[in-house]
file run39.cif (mmCIF, C-alpha atoms)
data_work
loop_
_atom_site.label_atom_id
_atom_site.label_comp_id
_atom_site.auth_asym_id
_atom_site.auth_seq_id
_atom_site.Cartn_x
_atom_site.Cartn_y
_atom_site.Cartn_z
CA MET A 133 0.00 0.00 0.00
CA ASN A 134 1.40 3.38 -0.94
CA ILE A 135 0.33 7.00 -1.11
CA LYS A 136 1.11 9.38 -3.96
CA LEU A 137 0.68 13.14 -4.01
CA LYS A 138 0.83 14.63 -7.50
CA ASN A 139 1.12 18.41 -8.02
CA VAL A 140 -0.98 19.08 -4.93
CA ASP A 141 -2.08 22.61 -3.99
CA TYR A 142 -4.31 23.46 -1.06
CA TYR A 143 -5.81 26.81 -0.10
CA TYR A 144 -7.57 28.00 3.02
CA ASN A 145 -10.40 30.47 2.32
CA LYS A 146 -9.90 30.09 -1.42
CA GLY A 147 -11.37 32.95 -3.39
CA LEU A 148 -11.72 35.20 -0.34
CA PRO A 149 -9.63 38.27 0.51
CA ASN A 150 -7.85 36.30 3.27
CA GLU A 151 -6.94 33.39 0.99
CA VAL A 152 -3.83 31.47 2.09
CA LYS A 153 -1.96 28.90 0.02
CA ALA A 154 -1.13 26.21 2.56
CA LEU A 155 0.49 23.73 0.17
CA ASP A 156 2.25 24.52 -3.09
CA ASN A 157 2.88 21.87 -5.76
CA ILE A 158 3.56 18.94 -3.44
CA ASN A 159 4.88 15.76 -5.05
CA LEU A 160 5.57 12.86 -2.71
CA GLU A 161 5.40 9.09 -2.56
CA ILE A 162 5.03 7.21 0.71
CA LYS A 163 5.73 3.50 0.49
CA GLU A 164 4.73 0.50 2.56
CA HIS A 165 6.51 0.04 5.90
CA GLU A 166 8.33 3.34 5.97
CA PHE A 167 8.91 5.30 9.18
CA ILE A 168 8.79 8.93 8.11
CA GLY A 169 9.24 12.17 9.99
CA ILE A 170 7.71 15.48 8.90
CA ILE A 171 9.29 18.63 10.31
CA GLY A 172 8.91 22.36 9.74
CA HIS A 173 7.85 25.54 11.46
CA THR A 174 4.26 26.19 12.50
CA GLY A 175 2.47 27.27 9.34
CA SER A 176 4.84 25.43 7.00
CA GLY A 177 2.10 23.04 5.86
CA LYS A 178 2.77 19.93 7.99
CA SER A 179 -0.70 19.46 9.50
CA THR A 180 -2.43 20.36 6.25
CA LEU A 181 -0.33 17.75 4.47
CA VAL A 182 -1.23 14.90 6.82
CA GLN A 183 -4.94 15.78 6.72
CA LEU A 184 -4.78 15.35 2.95
CA LEU A 185 -3.36 11.85 3.41
CA ASN A 186 -6.58 10.44 4.88
CA GLY A 187 -9.13 12.51 2.99
CA LEU A 188 -10.04 14.95 5.75
CA LEU A 189 -8.94 17.65 3.32
CA ILE A 190 -9.20 17.43 -0.47
CA PRO A 191 -6.63 19.12 -2.72
CA ASP A 192 -7.71 22.16 -4.72
CA ASN A 193 -5.30 21.14 -7.47
CA GLY A 194 -3.57 17.84 -8.11
CA ASP A 195 -4.34 14.42 -6.67
CA VAL A 196 -3.84 12.38 -3.52
CA ILE A 197 -3.99 8.66 -4.32
CA VAL A 198 -4.13 6.20 -1.43
CA ASP A 199 -3.80 2.53 -2.32
CA GLY A 200 -5.14 3.32 -5.79
CA ILE A 201 -8.06 5.43 -4.49
CA ASN A 202 -8.21 9.11 -5.41
CA SER A 203 -9.34 11.15 -2.40
CA LYS A 204 -11.58 13.16 -4.74
CA ASP A 205 -13.76 10.05 -5.16
CA LYS A 206 -16.50 10.76 -2.58
CA LYS A 207 -17.86 7.22 -2.69
CA LYS A 208 -14.53 5.69 -1.66
CA ARG A 209 -13.24 8.44 0.64
CA LYS A 210 -14.36 6.55 3.73
CA ASP A 211 -12.14 3.63 2.72
CA ILE A 212 -9.15 5.98 2.77
CA ARG A 213 -9.95 7.08 6.32
CA PHE A 214 -9.89 3.49 7.49
CA LYS A 215 -6.59 2.85 5.70
CA VAL A 216 -4.89 5.98 7.06
CA GLY A 217 -5.35 6.54 10.80
CA LEU A 218 -4.66 10.09 11.95
CA VAL A 219 -3.87 10.87 15.59
CA PHE A 220 -4.17 14.63 16.08
CA GLN A 221 -2.21 16.76 18.52
CA TYR A 222 -3.74 16.37 22.01
CA PRO A 223 -6.00 13.50 20.81
CA GLU A 224 -7.40 13.09 24.33
CA ASN A 225 -9.51 16.18 23.59
CA GLN A 226 -11.48 13.98 21.19
CA LEU A 227 -12.46 11.41 23.83
CA PHE A 228 -16.21 11.45 24.42
CA GLU A 229 -17.62 8.09 25.50
CA GLU A 230 -18.45 7.13 29.09
CA THR A 231 -16.00 4.22 29.24
CA VAL A 232 -12.60 3.44 27.77
CA GLU A 233 -13.94 0.37 25.98
CA LYS A 234 -16.78 2.28 24.33
CA ASP A 235 -14.44 5.03 23.18
CA ILE A 236 -11.96 2.65 21.60
CA SER A 237 -14.70 0.57 19.97
CA PHE A 238 -16.29 3.59 18.25
CA GLY A 239 -14.07 3.32 15.15
CA PRO A 240 -14.41 -0.44 14.66
CA LYS A 241 -18.20 -0.10 14.91
CA ASN A 242 -18.15 2.53 12.19
CA LYS A 243 -16.03 0.16 10.14
CA LYS A 244 -18.90 -2.35 10.45
CA MET A 245 -16.84 -4.97 12.24
CA LYS A 246 -18.72 -7.81 13.92
CA ASP A 247 -19.07 -7.79 17.72
CA LYS A 248 -16.42 -10.46 18.23
CA GLN A 249 -14.00 -8.62 15.94
CA ILE A 250 -14.66 -5.36 17.78
CA ASN A 251 -13.93 -6.93 21.14
CA GLU A 252 -10.73 -8.49 19.84
CA ALA A 253 -9.66 -5.20 18.24
CA VAL A 254 -10.25 -3.27 21.48
CA LYS A 255 -8.30 -5.79 23.56
CA LYS A 256 -5.43 -5.91 21.08
CA SER A 257 -5.14 -2.13 20.71
CA MET A 258 -5.17 -1.67 24.50
CA GLU A 259 -2.46 -4.29 24.82
CA ILE A 260 -0.36 -2.48 22.19
CA VAL A 261 -0.51 0.86 24.02
CA GLY A 262 0.12 -0.73 27.42
CA LEU A 263 -3.33 -0.50 29.03
CA ASP A 264 -4.64 -3.59 30.82
CA TYR A 265 -8.07 -4.41 29.37
CA ASN A 266 -9.70 -5.66 32.57
CA GLN A 267 -8.29 -2.83 34.64
CA TYR A 268 -9.29 0.04 32.35
CA LYS A 269 -12.18 -1.05 30.11
CA ASP A 270 -14.96 0.20 32.43
CA LYS A 271 -13.20 3.34 33.61
CA SER A 272 -14.20 6.77 32.37
CA PRO A 273 -11.43 8.10 30.08
CA PHE A 274 -11.80 11.44 31.86
CA GLU A 275 -10.64 9.92 35.16
CA LEU A 276 -7.29 8.88 33.68
CA SER A 277 -3.98 10.71 33.66
CA GLY A 278 -2.96 12.74 30.61
CA GLY A 279 -0.61 10.02 29.42
CA GLN A 280 -3.26 7.32 29.85
CA GLN A 281 -5.84 9.41 27.98
CA ARG A 282 -3.34 9.79 25.14
CA LYS A 283 -2.96 6.00 25.06
CA VAL A 284 -6.74 5.54 24.89
CA ALA A 285 -6.95 7.96 21.97
CA VAL A 286 -4.14 6.17 20.13
CA ALA A 287 -5.77 2.79 20.84
CA GLY A 288 -8.97 4.12 19.27
CA ILE A 289 -7.11 4.66 15.99
CA ILE A 290 -5.12 1.41 16.19
CA SER A 291 -8.32 -0.58 16.79
CA MET A 292 -9.39 0.21 13.22
CA LYS A 293 -6.25 -1.55 11.98
CA PRO A 294 -4.96 1.23 9.71
CA GLU A 295 -2.24 0.50 7.20
CA VAL A 296 -0.75 3.96 7.73
CA LEU A 297 -0.54 5.55 11.19
CA VAL A 298 -0.07 9.33 11.21
CA LEU A 299 1.00 10.86 14.53
CA ASP A 300 0.71 14.65 14.66
CA GLU A 301 2.78 15.88 17.65
CA LEU A 302 1.94 12.66 19.50
CA THR A 303 3.87 13.40 22.67
CA ALA A 304 3.21 17.14 23.02
CA GLY A 305 2.74 18.07 26.66
CA LEU A 306 3.71 14.67 28.07
CA ASP A 307 6.43 14.08 30.64
CA PRO A 308 9.56 12.15 29.56
CA LYS A 309 8.37 8.85 31.05
CA ALA A 310 5.01 8.98 29.23
CA ARG A 311 6.77 10.03 26.00
CA ASN A 312 9.14 7.07 26.17
CA GLU A 313 6.34 4.62 26.98
CA ILE A 314 4.21 5.70 24.02
CA PHE A 315 7.12 5.71 21.59
CA SER A 316 8.33 2.28 22.71
CA GLN A 317 4.85 0.90 22.08
CA ILE A 318 4.62 2.50 18.63
CA ILE A 319 8.07 1.19 17.69
CA SER A 320 7.14 -2.30 18.87
CA MET A 321 3.96 -2.23 16.80
CA TYR A 322 5.89 -1.04 13.74
CA ASN A 323 8.56 -3.71 14.16
CA ASN A 324 5.94 -6.45 14.47
CA ASP A 325 3.95 -5.44 11.38
CA ASP A 326 5.95 -5.48 8.15
CA LYS A 327 3.18 -3.66 6.27
CA LEU A 328 2.54 -0.77 8.66
CA THR A 329 3.74 2.70 7.70
CA VAL A 330 4.25 5.32 10.45
CA ILE A 331 4.40 9.07 9.83
CA LEU A 332 5.54 11.24 12.72
CA VAL A 333 4.93 15.00 12.66
CA SER A 334 7.07 16.59 15.34
CA HIS A 335 8.86 19.73 16.50
CA SER A 336 11.28 17.55 18.47
CA MET A 337 14.45 17.03 16.45
CA GLU A 338 15.54 14.46 19.06
CA ASP A 339 12.45 12.32 18.50
CA VAL A 340 12.78 12.53 14.72
CA ALA A 341 16.49 11.72 14.83
CA LYS A 342 15.95 8.75 17.13
CA TYR A 343 12.97 7.06 15.51
CA VAL A 344 12.48 7.80 11.80
CA ASP A 345 14.34 6.65 8.69
CA ARG A 346 13.27 9.41 6.28
CA VAL A 347 12.54 13.08 6.89
CA ILE A 348 10.29 15.36 4.86
CA VAL A 349 11.14 18.99 5.65
CA MET A 350 8.37 21.53 4.98
CA ASP A 351 9.00 25.24 4.52
CA ASP A 352 6.70 27.98 3.25
CA SER A 353 4.08 25.47 2.00
CA LYS A 354 6.64 23.51 -0.05
CA VAL A 355 8.80 20.42 0.38
CA TYR A 356 12.21 21.84 1.29
CA SER A 357 13.92 18.44 1.33
CA ASP A 358 13.03 14.75 1.37
CA LEU A 359 16.00 12.60 2.38
CA SER A 360 17.16 9.94 4.81
CA THR A 361 17.42 11.00 8.45
CA TYR A 362 21.22 10.95 8.28
CA GLU A 363 21.32 13.11 5.15
CA THR A 364 18.76 15.50 6.58
CA PHE A 365 20.73 16.26 9.72
CA SER A 366 24.23 16.05 8.21
CA LYS A 367 23.78 17.66 4.78
CA VAL A 368 20.64 19.82 4.72
CA ASP A 369 21.00 23.43 5.87
CA LEU A 370 18.12 23.41 8.34
CA GLU A 371 19.34 26.57 10.04
CA LYS A 372 18.74 28.44 6.78
CA ILE A 373 14.99 28.02 7.31
CA GLY A 374 15.24 28.52 11.07
CA LEU A 375 15.00 24.89 12.15
CA ASP A 376 17.09 23.44 14.93
CA ILE A 377 19.30 20.35 14.94
CA PRO A 378 19.43 17.72 17.72
CA GLN A 379 21.08 18.95 20.92
CA ILE A 380 23.63 16.14 20.84
CA THR A 381 24.75 17.26 17.36
CA LYS A 382 25.14 20.82 18.65
CA PHE A 383 27.28 19.49 21.51
CA LEU A 384 29.54 17.51 19.18
CA LYS A 385 30.01 20.48 16.85
CA ARG A 386 30.96 22.67 19.79
CA TYR A 387 33.25 19.97 21.20
CA LYS A 388 34.99 19.62 17.83
CA SER A 389 35.39 23.41 17.54
CA LEU A 390 37.45 23.31 20.74
CA GLY A 391 40.08 21.22 18.99
CA HIS A 392 38.88 17.67 19.55
CA ASP A 393 39.23 15.34 16.55
CA ILE A 394 35.73 13.86 16.69
CA ARG A 395 32.88 13.32 14.27
CA ASP A 396 30.14 15.95 14.44
CA ASP A 397 27.74 14.46 11.89
CA ILE A 398 26.02 12.33 14.54
CA TYR A 399 22.45 12.98 15.67
CA THR A 400 21.56 10.32 18.25
CA ILE A 401 22.77 9.99 21.82
CA GLU A 402 23.62 6.31 21.34
CA GLU A 403 25.94 7.02 18.40
CA ALA A 404 27.45 10.04 20.16
CA THR A 405 28.22 7.97 23.26
CA ASP A 406 30.04 5.37 21.16
CA GLU A 407 31.99 8.07 19.30
CA ILE A 408 33.08 9.85 22.50
CA TYR A 409 34.18 6.56 24.10
CA LYS A 410 36.25 5.72 21.02
CA TYR A 411 37.80 9.16 20.99
CA LEU A 412 38.70 9.08 24.68
CA GLU A 413 40.11 5.56 24.46
CA ALA A 414 42.30 6.59 21.48
CA ARG A 415 43.73 9.45 23.53
CA GLU A 416 44.82 7.22 26.41
#
call {"tool": "encode", "arguments": {"input": "run39.cif", "output": "structure tokens"}}
result
Amino acid sequence: MNIKLKNVDYYYNKGLPNEVKALDNINLEIKEHEFIGIIGHTGSGKSTLVQLLNGLLIPDNGDVIVDGINSKDKKKRKDIRFKVGLVFQYPENQLFEETVEKDISFGPKNKKMKDKQINEAVKKSMEIVGLDYNQYKDKSPFELSGGQQRKVAVAGIISMKPEVLVLDELTAGLDPKARNEIFSQIISMYNNDDKLTVILVSHSMEDVAKYVDRVIVMDDSKVYSDLSTYETFSKVDLEKIGLDIPQITKFLKRYKSLGHDIRDDIYTIEEATDEIYKYLEARE
């Protein structure tokens, strides 16, 4: 299953005095079982782009084709929304049912799953996000912690068994422990499903550097670059468009500038630790 965007433009308030072109001639292909990051400043087009991927928004020009279905086809648009699951920023704000089980089962019911399938999907999705079914199924989602509510919201999307999982600022506002728990569960799900594609929209360069394999950089409604994670952080001039680089990369560049013969094209803490150990051992 893949997604293709061909010459896509999107406008907010098209034809009105306050018209804004949110996306400008976007051409992308997203393939099966990729782990992609999307970065860019607020207003660069990131959230608009991901809403086009599951048919919530329809391009004004060009085409978005999901698994052979054009999002402009109204009769098949619902199929796209089941194929591409979108978890919005602060998804817990979308919780509405009286129990956790009812909230998570809402999507599968809309997908016309049978009762047994719905129950299995709810249990499985709760297991994936680290919520014990028997412990939490009858609780009100509004009685849970922020991190637990986020897990319920993610489980609600996972329960529909999407082929593409889009995470828009998934961990915004969470403490480090909750962030790590959710990411570890997402990574585990990705590693255990060789067809699942994950798209992570994030302002955190550390999260993008650590988890994704390919980075789409958005700037001024256009695709600024679309390269591997390594190439993005080592070769693309992100500072030119005002984007940051991972803190560990900043540290290594500063360390090297002080006269230390060490690589500074590293963007994860794990790699940096190995490089520093090697450097220090060579000096002994």
call {"tool": "closest_residue", "arguments": {"input": "run39.cif", "among": "A:Val216, A:Val140, A:Asp235, A:Lys248", "to": "Asp195 in chain A", "atoms": "all atoms listed in the file"}}
result
A:Val140
call {"tool": "residues_near_point", "arguments": {"input": "run39.cif", "point": "(-4.7, 9.4, 19.1)", "cutoff": "12 Å", "atoms": "all atoms listed in the file", "output": "ChimeraX atom specification"}}
result
/A:217-227,235-236,239,257,261,279-292,297-304,314,318
call {"tool": "residues_around", "arguments": {"input": "run39.cif", "residues": "Gly194 in chain A", "least_positions_apart": "6", "cutoff": "9 Å", "atoms": "all atoms listed in the file", "output": "ChimeraX atom specification"}}
result
/A:137-141,157-158
call {"tool": "resolve_selection", "arguments": {"input": "run39.cif", "expression": "the PyMOL selection byres ((chain A and resi 202-208) around 12)", "output": "PyMOL selection string"}}
result
chain A and resi 135-138+140+183-201+209-216
call {"tool": "resolve_selection", "arguments": {"input": "run39.cif", "expression": "the PyMOL selection byres ((chain A and resi 353) around 9)", "output": "mmCIF file with C-alpha atoms, keeping the file's coordinate frame"}}
result
data_model
loop_
_atom_site.group_PDB
_atom_site.id
_atom_site.type_symbol
_atom_site.label_atom_id
_atom_site.label_comp_id
_atom_site.auth_asym_id
_atom_site.auth_seq_id
_atom_site.Cartn_x
_atom_site.Cartn_y
_atom_site.Cartn_z
ATOM 1 C CA LYS A 153 -1.960 28.900 0.020
ATOM 2 C CA ALA A 154 -1.130 26.210 2.560
ATOM 3 C CA LEU A 155 0.490 23.730 0.170
ATOM 4 C CA ASP A 156 2.250 24.520 -3.090
ATOM 5 C CA ASN A 157 2.880 21.870 -5.760
ATOM 6 C CA ILE A 158 3.560 18.940 -3.440
ATOM 7 C CA GLY A 175 2.470 27.270 9.340
ATOM 8 C CA SER A 176 4.840 25.430 7.000
ATOM 9 C CA GLY A 177 2.100 23.040 5.860
ATOM 10 C CA LYS A 178 2.770 19.930 7.990
ATOM 11 C CA MET A 350 8.370 21.530 4.980
ATOM 12 C CA ASP A 351 9.000 25.240 4.520
ATOM 13 C CA ASP A 352 6.700 27.980 3.250
ATOM 14 C CA LYS A 354 6.640 23.510 -0.050
ATOM 15 C CA VAL A 355 8.800 20.420 0.380
ATOM 16 C CA TYR A 356 12.210 21.840 1.290
#
call {"tool": "closest_residue", "arguments": {"input": "run39.cif", "among": "A:Leu306, A:Tyr265, A:Ser277, A:Phe167", "to": "Glu252 in chain A", "atoms": "only C-alpha atoms"}}
result
A:Tyr265
call {"tool": "residues_near_point", "arguments": {"input": "run39.cif", "point": "(19.2, 9.7, 3.2)", "cutoff": "12 Å", "atoms": "only C-alpha atoms", "output": "list in words"}}
result
Ile168, Val344, Asp345, Arg346, Val347, Ile348, Ser357, Asp358, Leu359, Ser360, Thr361, Tyr362, Glu363, Thr364, Phe365, Ser366, Lys367 and Val368 of chain A
call {"tool": "write_last_selection", "arguments": {"input": "run39.cif", "atoms": "C-alpha atoms", "output": "compact mmCIF listing (two decimals), in the coordinates of the input"}}
result
# COMPACT_ATOMS: atom_id res chain seq x y z
CA ILE A 168 8.79 8.93 8.11
CA VAL A 344 12.48 7.80 11.80
CA ASP A 345 14.34 6.65 8.69
CA ARG A 346 13.27 9.41 6.28
CA VAL A 347 12.54 13.08 6.89
CA ILE A 348 10.29 15.36 4.86
CA SER A 357 13.92 18.44 1.33
CA ASP A 358 13.03 14.75 1.37
CA LEU A 359 16.00 12.60 2.38
CA SER A 360 17.16 9.94 4.81
CA THR A 361 17.42 11.00 8.45
CA TYR A 362 21.22 10.95 8.28
CA GLU A 363 21.32 13.11 5.15
CA THR A 364 18.76 15.50 6.58
CA PHE A 365 20.73 16.26 9.72
CA SER A 366 24.23 16.05 8.21
CA LYS A 367 23.78 17.66 4.78
CA VAL A 368 20.64 19.82 4.72
call {"tool": "atom_distance", "arguments": {"input": "run39.cif", "atom1": "CA of Arg415 in chain A", "atom2": "CA of Lys388 in chain A"}}
result
14.6 Å
call {"tool": "atom_distance", "arguments": {"input": "run39.cif", "atom1": "CA of Phe383 in chain A", "atom2": "CA of Ile319 in chain A"}}
result
26.8 Å
call {"tool": "atom_distance", "arguments": {"input": "run39.cif", "atom1": "CA of Glu151 in chain A", "atom2": "CA of Ser334 in chain A"}}
result
26.2 Å
call {"tool": "resolve_selection", "arguments": {"input": "run39.cif", "expression": "the PyMOL selection byres ((chain A and resi 381) around 9)", "output": "number ranges by chain"}}
result
A: 365, 377-380, 382-386, 396-401, 404
call {"tool": "residues_around", "arguments": {"input": "run39.cif", "residues": "His165 in chain A", "least_positions_apart": "2", "cutoff": "10 Å", "atoms": "all atoms listed in the file", "output": "number ranges by chain"}}
result
A: 133-134, 162-163, 167-168, 295-296, 322-323, 325-330
call {"tool": "closest_residue", "arguments": {"input": "run39.cif", "among": "A:Lys410, A:Lys146, A:Lys269, A:Lys293", "to": "Lys243 in chain A", "atoms": "only C-alpha atoms"}}
result
A:Lys293
call {"tool": "closest_residue", "arguments": {"input": "run39.cif", "among": "A:Asn150, A:Thr180, A:Ser237, A:Gln317", "to": "Glu259 in chain A", "atoms": "all atoms listed in the file"}}
result
A:Gln317
call {"tool": "closest_residue", "arguments": {"input": "run39.cif", "among": "A:Asn242, A:Ser336, A:Asn145, A:Asn312", "to": "Gly169 in chain A", "atoms": "only C-alpha atoms"}}
result
A:Ser336
call {"tool": "closest_residue", "arguments": {"input": "run39.cif", "among": "A:Arg395, A:Lys256, A:Lys234, A:His173", "to": "Met321 in chain A", "atoms": "only C-alpha atoms"}}
result
A:Lys256
call {"tool": "axis_aligned_box", "arguments": {"input": "run39.cif", "around": "range 325-328 of chain A", "padding_each_side": "3 Å", "output": "AutoDock Vina command-line options"}}
result
--center_x 4.2 --center_y -3.1 --center_z 8.8 --size_x 9.4 --size_y 10.7 --size_z 11.1
